[in-house]
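Visitor: What follows is the file run.txt, containing compact mmCIF, N, CA and C atoms:
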```txt
# COMPACT_ATOMS: atom_id res chain seq x y z
N MET A 1 10.70 13.74 25.75
CA MET A 1 10.50 14.71 24.69
C MET A 1 10.63 14.03 23.32
N TYR A 2 11.64 13.16 23.19
CA TYR A 2 11.85 12.52 21.89
C TYR A 2 10.75 11.52 21.56
N ASP A 3 10.13 10.92 22.59
CA ASP A 3 9.00 10.03 22.32
C ASP A 3 7.84 10.82 21.71
N LEU A 4 7.60 12.00 22.25
CA LEU A 4 6.54 12.86 21.70
C LEU A 4 6.87 13.28 20.26
N MET A 5 8.14 13.63 20.04
CA MET A 5 8.56 14.03 18.69
C MET A 5 8.39 12.86 17.71
N ASP A 6 8.76 11.66 18.15
CA ASP A 6 8.61 10.49 17.29
C ASP A 6 7.15 10.25 16.94
N SER A 7 6.28 10.42 17.92
CA SER A 7 4.85 10.23 17.70
C SER A 7 4.31 11.22 16.67
N VAL A 8 4.67 12.48 16.82
CA VAL A 8 4.22 13.52 15.88
C VAL A 8 4.85 13.30 14.51
N ASN A 9 6.13 12.96 14.46
CA ASN A 9 6.79 12.71 13.18
C ASN A 9 6.14 11.55 12.43
N LYS A 10 5.74 10.51 13.16
CA LYS A 10 5.06 9.38 12.52
C LYS A 10 3.72 9.85 11.94
N TRP A 11 3.00 10.67 12.70
CA TRP A 11 1.73 11.20 12.23
C TRP A 11 1.92 12.05 10.97
N ILE A 12 2.96 12.86 10.96
CA ILE A 12 3.27 13.69 9.78
C ILE A 12 3.62 12.79 8.60
N ASP A 13 4.45 11.78 8.82
CA ASP A 13 4.82 10.85 7.74
C ASP A 13 3.58 10.16 7.17
N ASP A 14 2.66 9.75 8.06
CA ASP A 14 1.43 9.11 7.59
C ASP A 14 0.60 10.09 6.75
N GLY A 15 0.51 11.33 7.20
CA GLY A 15 -0.24 12.34 6.45
C GLY A 15 0.38 12.61 5.09
N GLN A 16 1.69 12.69 5.04
CA GLN A 16 2.36 12.90 3.75
C GLN A 16 2.14 11.70 2.84
N GLY A 17 2.13 10.50 3.43
CA GLY A 17 1.87 9.30 2.65
C GLY A 17 0.48 9.33 2.00
N ILE A 18 -0.50 9.80 2.76
CA ILE A 18 -1.86 9.91 2.22
C ILE A 18 -1.87 10.87 1.05
N MET A 19 -1.24 12.01 1.20
CA MET A 19 -1.23 13.01 0.13
C MET A 19 -0.48 12.50 -1.10
N ASN A 20 0.55 11.70 -0.89
CA ASN A 20 1.34 11.18 -2.01
C ASN A 20 0.63 10.04 -2.74
N GLU A 21 -0.36 9.43 -2.11
CA GLU A 21 -1.07 8.32 -2.73
C GLU A 21 -2.02 8.77 -3.83
N TYR A 22 -2.41 10.03 -3.81
CA TYR A 22 -3.39 10.50 -4.79
C TYR A 22 -2.84 10.41 -6.20
N LYS A 23 -3.64 9.85 -7.08
CA LYS A 23 -3.34 9.78 -8.51
C LYS A 23 -4.53 10.34 -9.27
N GLU A 24 -4.26 10.99 -10.37
CA GLU A 24 -5.31 11.64 -11.17
C GLU A 24 -6.39 10.66 -11.60
N ASP A 25 -6.00 9.45 -11.92
CA ASP A 25 -6.96 8.48 -12.46
C ASP A 25 -7.40 7.43 -11.44
N MET A 26 -7.44 7.79 -10.17
CA MET A 26 -7.85 6.86 -9.12
C MET A 26 -9.34 6.52 -9.26
N PRO A 27 -9.69 5.25 -9.05
CA PRO A 27 -11.12 4.89 -9.02
C PRO A 27 -11.81 5.60 -7.85
N SER A 28 -13.09 5.84 -7.98
CA SER A 28 -13.82 6.59 -6.95
C SER A 28 -13.80 5.87 -5.61
N GLU A 29 -13.74 4.54 -5.62
CA GLU A 29 -13.67 3.79 -4.36
C GLU A 29 -12.38 4.12 -3.62
N GLU A 30 -11.27 4.18 -4.34
CA GLU A 30 -9.99 4.53 -3.72
C GLU A 30 -9.98 5.99 -3.27
N GLN A 31 -10.63 6.86 -4.05
CA GLN A 31 -10.73 8.25 -3.65
C GLN A 31 -11.51 8.38 -2.34
N GLU A 32 -12.57 7.60 -2.21
CA GLU A 32 -13.37 7.63 -0.98
C GLU A 32 -12.55 7.15 0.21
N ASN A 33 -11.76 6.10 -0.01
CA ASN A 33 -10.89 5.60 1.05
C ASN A 33 -9.86 6.66 1.45
N LEU A 34 -9.28 7.33 0.45
CA LEU A 34 -8.32 8.39 0.71
C LEU A 34 -8.98 9.53 1.49
N LYS A 35 -10.19 9.87 1.11
CA LYS A 35 -10.94 10.93 1.80
C LYS A 35 -11.13 10.57 3.27
N LYS A 36 -11.53 9.34 3.55
CA LYS A 36 -11.76 8.92 4.93
C LYS A 36 -10.47 8.98 5.74
N ARG A 37 -9.39 8.54 5.14
CA ARG A 37 -8.10 8.58 5.84
C ARG A 37 -7.67 10.02 6.11
N ALA A 38 -7.90 10.92 5.17
CA ALA A 38 -7.55 12.33 5.36
C ALA A 38 -8.41 12.95 6.46
N GLU A 39 -9.69 12.57 6.49
CA GLU A 39 -10.58 13.08 7.54
C GLU A 39 -10.12 12.63 8.92
N ILE A 40 -9.64 11.39 9.00
CA ILE A 40 -9.12 10.87 10.27
C ILE A 40 -7.91 11.70 10.69
N LYS A 41 -7.04 12.01 9.73
CA LYS A 41 -5.86 12.84 10.05
C LYS A 41 -6.29 14.20 10.59
N LEU A 42 -7.31 14.77 9.98
CA LEU A 42 -7.79 16.07 10.46
C LEU A 42 -8.34 15.96 11.88
N GLU A 43 -9.01 14.85 12.18
CA GLU A 43 -9.55 14.66 13.53
C GLU A 43 -8.42 14.45 14.55
N GLU A 44 -7.32 13.89 14.12
CA GLU A 44 -6.19 13.63 15.01
C GLU A 44 -5.33 14.87 15.24
N LYS A 45 -5.55 15.91 14.48
CA LYS A 45 -4.69 17.09 14.55
C LYS A 45 -4.69 17.78 15.92
N PRO A 46 -5.83 18.02 16.56
CA PRO A 46 -5.78 18.71 17.86
C PRO A 46 -4.95 17.99 18.93
N PRO A 47 -5.09 16.66 19.08
CA PRO A 47 -4.22 16.00 20.07
C PRO A 47 -2.73 16.09 19.69
N MET A 48 -2.45 16.09 18.39
CA MET A 48 -1.06 16.22 17.96
C MET A 48 -0.54 17.62 18.28
N GLN A 49 -1.40 18.62 18.18
CA GLN A 49 -1.00 19.99 18.50
C GLN A 49 -0.59 20.08 19.97
N VAL A 50 -1.31 19.37 20.84
CA VAL A 50 -0.95 19.34 22.26
C VAL A 50 0.45 18.75 22.43
N LYS A 51 0.76 17.70 21.69
CA LYS A 51 2.09 17.08 21.77
C LYS A 51 3.16 18.05 21.26
N VAL A 52 2.86 18.75 20.16
CA VAL A 52 3.83 19.71 19.61
C VAL A 52 4.09 20.82 20.62
N ASP A 53 3.04 21.32 21.24
CA ASP A 53 3.21 22.37 22.25
C ASP A 53 4.06 21.87 23.42
N ARG A 54 3.82 20.63 23.83
CA ARG A 54 4.59 20.06 24.94
C ARG A 54 6.07 19.90 24.55
N VAL A 55 6.32 19.44 23.33
CA VAL A 55 7.71 19.30 22.87
C VAL A 55 8.40 20.65 22.89
N ASN A 56 7.73 21.67 22.42
CA ASN A 56 8.33 23.01 22.39
C ASN A 56 8.58 23.55 23.79
N ARG A 57 7.65 23.29 24.70
CA ARG A 57 7.84 23.72 26.09
C ARG A 57 9.03 23.00 26.72
N LEU A 58 9.06 21.67 26.55
CA LEU A 58 10.18 20.89 27.09
C LEU A 58 11.50 21.29 26.43
N GLY A 59 11.48 21.50 25.12
CA GLY A 59 12.68 21.92 24.40
C GLY A 59 13.20 23.25 24.90
N GLY A 60 12.29 24.17 25.17
CA GLY A 60 12.70 25.47 25.72
C GLY A 60 13.32 25.32 27.09
N ASP A 61 12.73 24.45 27.92
CA ASP A 61 13.29 24.22 29.26
C ASP A 61 14.67 23.59 29.17
N VAL A 62 14.83 22.63 28.26
CA VAL A 62 16.13 21.97 28.09
C VAL A 62 17.17 22.96 27.59
N CYS A 63 16.78 23.79 26.65
CA CYS A 63 17.73 24.77 26.09
C CYS A 63 18.23 25.76 27.15
N ASP A 64 17.37 26.04 28.13
CA ASP A 64 17.77 26.97 29.19
C ASP A 64 18.93 26.46 30.03
N ILE A 65 19.09 25.14 30.11
CA ILE A 65 20.15 24.58 30.97
C ILE A 65 21.35 24.08 30.18
N LEU A 66 21.30 24.16 28.84
CA LEU A 66 22.40 23.65 28.01
C LEU A 66 23.41 24.75 27.69
N ASP A 67 24.62 24.31 27.34
CA ASP A 67 25.65 25.25 26.89
C ASP A 67 25.43 25.57 25.41
N GLY A 68 26.24 26.41 24.85
CA GLY A 68 26.09 26.93 23.48
C GLY A 68 25.91 25.88 22.39
N PRO A 69 26.89 24.98 22.17
CA PRO A 69 26.76 24.03 21.07
C PRO A 69 25.60 23.05 21.25
N SER A 70 25.38 22.59 22.46
CA SER A 70 24.27 21.66 22.72
C SER A 70 22.93 22.37 22.54
N GLN A 71 22.88 23.59 23.02
CA GLN A 71 21.66 24.38 22.88
C GLN A 71 21.34 24.61 21.40
N LYS A 72 22.37 24.90 20.62
CA LYS A 72 22.18 25.13 19.19
C LYS A 72 21.66 23.86 18.51
N ALA A 73 22.19 22.70 18.90
CA ALA A 73 21.76 21.43 18.31
C ALA A 73 20.29 21.15 18.63
N VAL A 74 19.89 21.36 19.87
CA VAL A 74 18.49 21.13 20.27
C VAL A 74 17.57 22.11 19.55
N LYS A 75 17.98 23.36 19.48
CA LYS A 75 17.16 24.36 18.78
C LYS A 75 17.02 24.00 17.30
N GLY A 76 18.08 23.47 16.70
CA GLY A 76 18.01 23.05 15.30
C GLY A 76 17.03 21.91 15.11
N GLU A 77 17.05 20.93 16.02
CA GLU A 77 16.10 19.82 15.94
C GLU A 77 14.67 20.31 16.12
N LEU A 78 14.47 21.21 17.07
CA LEU A 78 13.14 21.77 17.29
C LEU A 78 12.66 22.55 16.07
N GLN A 79 13.56 23.28 15.43
CA GLN A 79 13.17 24.05 14.25
C GLN A 79 12.74 23.13 13.12
N GLN A 80 13.50 22.06 12.87
CA GLN A 80 13.12 21.10 11.83
C GLN A 80 11.78 20.46 12.15
N PHE A 81 11.60 20.09 13.40
CA PHE A 81 10.35 19.49 13.87
C PHE A 81 9.18 20.44 13.63
N ASN A 82 9.34 21.69 14.04
CA ASN A 82 8.27 22.68 13.87
C ASN A 82 8.00 23.00 12.41
N ASP A 83 9.05 23.01 11.59
CA ASP A 83 8.85 23.26 10.16
C ASP A 83 8.02 22.15 9.52
N ARG A 84 8.34 20.91 9.86
CA ARG A 84 7.55 19.77 9.33
C ARG A 84 6.10 19.87 9.80
N TRP A 85 5.89 20.19 11.06
CA TRP A 85 4.54 20.31 11.62
C TRP A 85 3.77 21.42 10.89
N GLN A 86 4.39 22.55 10.70
CA GLN A 86 3.72 23.67 10.04
C GLN A 86 3.41 23.34 8.58
N ASP A 87 4.33 22.65 7.90
CA ASP A 87 4.08 22.26 6.52
C ASP A 87 2.88 21.33 6.43
N MET A 88 2.81 20.33 7.32
CA MET A 88 1.68 19.40 7.28
C MET A 88 0.39 20.11 7.66
N ASN A 89 0.45 21.03 8.62
CA ASN A 89 -0.73 21.81 8.98
C ASN A 89 -1.25 22.59 7.78
N ALA A 90 -0.33 23.21 7.05
CA ALA A 90 -0.73 23.99 5.88
C ALA A 90 -1.39 23.10 4.83
N VAL A 91 -0.82 21.91 4.63
CA VAL A 91 -1.41 20.98 3.66
C VAL A 91 -2.80 20.56 4.10
N LEU A 92 -2.94 20.17 5.35
CA LEU A 92 -4.24 19.72 5.84
C LEU A 92 -5.27 20.85 5.80
N GLU A 93 -4.86 22.04 6.17
CA GLU A 93 -5.79 23.17 6.12
C GLU A 93 -6.21 23.50 4.69
N SER A 94 -5.29 23.36 3.76
CA SER A 94 -5.64 23.66 2.37
C SER A 94 -6.59 22.61 1.79
N TYR A 95 -6.58 21.40 2.37
CA TYR A 95 -7.48 20.35 1.91
C TYR A 95 -8.73 20.23 2.76
N ASN A 96 -8.87 21.05 3.77
CA ASN A 96 -10.02 20.99 4.66
C ASN A 96 -11.27 21.46 3.93
N ASP A 97 -12.36 20.75 4.11
CA ASP A 97 -13.63 21.13 3.50
C ASP A 97 -14.18 22.33 4.24
N LYS A 98 -14.18 23.47 3.58
CA LYS A 98 -14.63 24.71 4.20
C LYS A 98 -16.03 25.07 3.73
N GLY A 99 -16.85 24.05 3.49
CA GLY A 99 -18.23 24.30 3.09
C GLY A 99 -18.43 24.48 1.61
N TYR A 100 -17.44 24.13 0.79
CA TYR A 100 -17.61 24.23 -0.64
C TYR A 100 -18.63 23.19 -1.11
N PRO A 101 -19.51 23.54 -2.01
CA PRO A 101 -20.50 22.56 -2.46
C PRO A 101 -19.85 21.45 -3.27
N ASP A 102 -20.48 20.30 -3.26
CA ASP A 102 -20.03 19.15 -4.02
C ASP A 102 -20.53 19.32 -5.45
N VAL A 103 -19.63 19.63 -6.37
CA VAL A 103 -20.00 20.00 -7.73
C VAL A 103 -20.57 18.84 -8.53
N ASN A 104 -19.88 17.71 -8.56
CA ASN A 104 -20.35 16.62 -9.41
C ASN A 104 -20.98 15.47 -8.65
N GLY A 105 -21.10 15.57 -7.35
CA GLY A 105 -21.77 14.54 -6.58
C GLY A 105 -20.89 13.35 -6.22
N ASN A 106 -19.73 13.20 -6.83
CA ASN A 106 -18.88 12.04 -6.55
C ASN A 106 -17.66 12.40 -5.72
N ASP A 107 -17.06 13.53 -5.98
CA ASP A 107 -15.81 13.90 -5.33
C ASP A 107 -16.10 14.74 -4.10
N CYS A 108 -15.38 14.43 -3.05
CA CYS A 108 -15.46 15.30 -1.87
C CYS A 108 -14.60 16.53 -2.15
N CYS A 109 -14.72 17.48 -1.28
CA CYS A 109 -13.95 18.72 -1.44
C CYS A 109 -12.46 18.42 -1.48
N LEU A 110 -11.99 17.51 -0.62
CA LEU A 110 -10.58 17.15 -0.58
C LEU A 110 -10.08 16.67 -1.93
N ILE A 111 -10.82 15.77 -2.54
CA ILE A 111 -10.41 15.22 -3.83
C ILE A 111 -10.43 16.30 -4.90
N ARG A 112 -11.44 17.16 -4.90
CA ARG A 112 -11.50 18.25 -5.89
C ARG A 112 -10.30 19.18 -5.74
N ILE A 113 -9.94 19.50 -4.49
CA ILE A 113 -8.81 20.39 -4.27
C ILE A 113 -7.51 19.72 -4.68
N ILE A 114 -7.35 18.43 -4.35
CA ILE A 114 -6.14 17.71 -4.75
C ILE A 114 -6.02 17.69 -6.27
N LYS A 115 -7.13 17.40 -6.96
CA LYS A 115 -7.10 17.39 -8.43
C LYS A 115 -6.68 18.76 -8.96
N ARG A 116 -7.26 19.80 -8.38
CA ARG A 116 -6.93 21.15 -8.83
C ARG A 116 -5.47 21.47 -8.59
N LYS A 117 -4.93 21.06 -7.42
CA LYS A 117 -3.52 21.30 -7.11
C LYS A 117 -2.61 20.58 -8.10
N PHE A 118 -2.94 19.31 -8.43
CA PHE A 118 -2.11 18.57 -9.34
C PHE A 118 -2.19 19.11 -10.76
N LYS A 119 -3.31 19.68 -11.14
CA LYS A 119 -3.42 20.27 -12.47
C LYS A 119 -2.55 21.50 -12.59
N THR A 120 -2.34 22.22 -11.47
CA THR A 120 -1.49 23.40 -11.53
C THR A 120 -0.03 23.04 -11.67
N PHE A 121 0.35 21.80 -11.28
CA PHE A 121 1.73 21.36 -11.44
C PHE A 121 2.01 20.94 -12.87
N SER A 122 0.99 20.62 -13.62
CA SER A 122 1.17 20.12 -15.00
C SER A 122 1.61 21.21 -15.94
```
Take the structure I supplied and represent it as structure tokens, if you would.
Guide:
Amino acid sequence: MYDLMDSVNKWIDDGQGIMNEYKEDMPSEEQENLKKRAEIKLEEKPPMQVKVDRVNRLGGDVCDILDGPSQKAVKGELQQFNDRWQDMNAVLESYNDKGYPDVNGNDCCLIRIIKRKFKTFS
């Protein structure tokens, strides 16, 4: 179970790293590289979902045989794991190209959305 969790956590860390790399003044070549890496993450999401489902199934089975304090500890780890997964899913879904037209011909939908998100933080 923990090997699966480690695999998913590494994938989440990589995805967060991609999102953190974006800078407002990035050259278009770097933006294109970032776009490709984000697209790869989106393609990897379904197999990761299978791992997350398996971790939750195994975690539920383990919790059924544990006593109170141990069960609480495992449930806490599963909750943190699921929270991280859901947060990354939300980020990836918000950056997913949902058919929006390419306005200026250079930026992909992902880059336009990231720029828009960062402008709202300013």
Visitor: One decimal, in Å: what's the spacing between CA of Glu21 (chain A) and atom C of Gln79 (chain A)?
Guide: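 Between these atoms lies a distance of 25.7 Å.
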Visitor: From the set A:Asp64, A:Met88, A:Glu93, A:Glu39, which residue has the shortest atom-to-atom contact distance to Trp11 (chain A), counting only C-alpha atoms?
Guide: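 Between A:Asp64, A:Met88, A:Glu93, A:Glu39, the residue approaching Trp11 (chain A) most closely is A:Met88.
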Visitor: Using only N, CA and C atoms, which protein or nucleic acid residues come within 8 Å of Lys72 (chain A)? Drop anything in the same chain fewer than 6 positions from it, and give the result as a PyMOL selection string.
Guide: chain A and resi 63+66+78
Visitor: What separation in Å, quoted to one decimal, exists between CA of Glu44 (chain A) and CA of Val62 (chain A)?
Guide: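 Computing the Euclidean distance for CA of Glu44 (chain A) and CA of Val62 (chain A) yields 27.2 Å.
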Visitor: Leaving out Val55 (chain A) and any residue of its chain fewer than 2 positions from it, which residues lie within 8 Å of it when counting all atoms listed in the file, given as a list in words?
Guide: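 The residues satisfying every condition are Met1, Tyr2, Leu4, Met5, Gln49, Val50, Lys51, Val52, Asp53, Arg57, Leu58, Gly59, Gly60, Asp61 and Leu78 of chain A.
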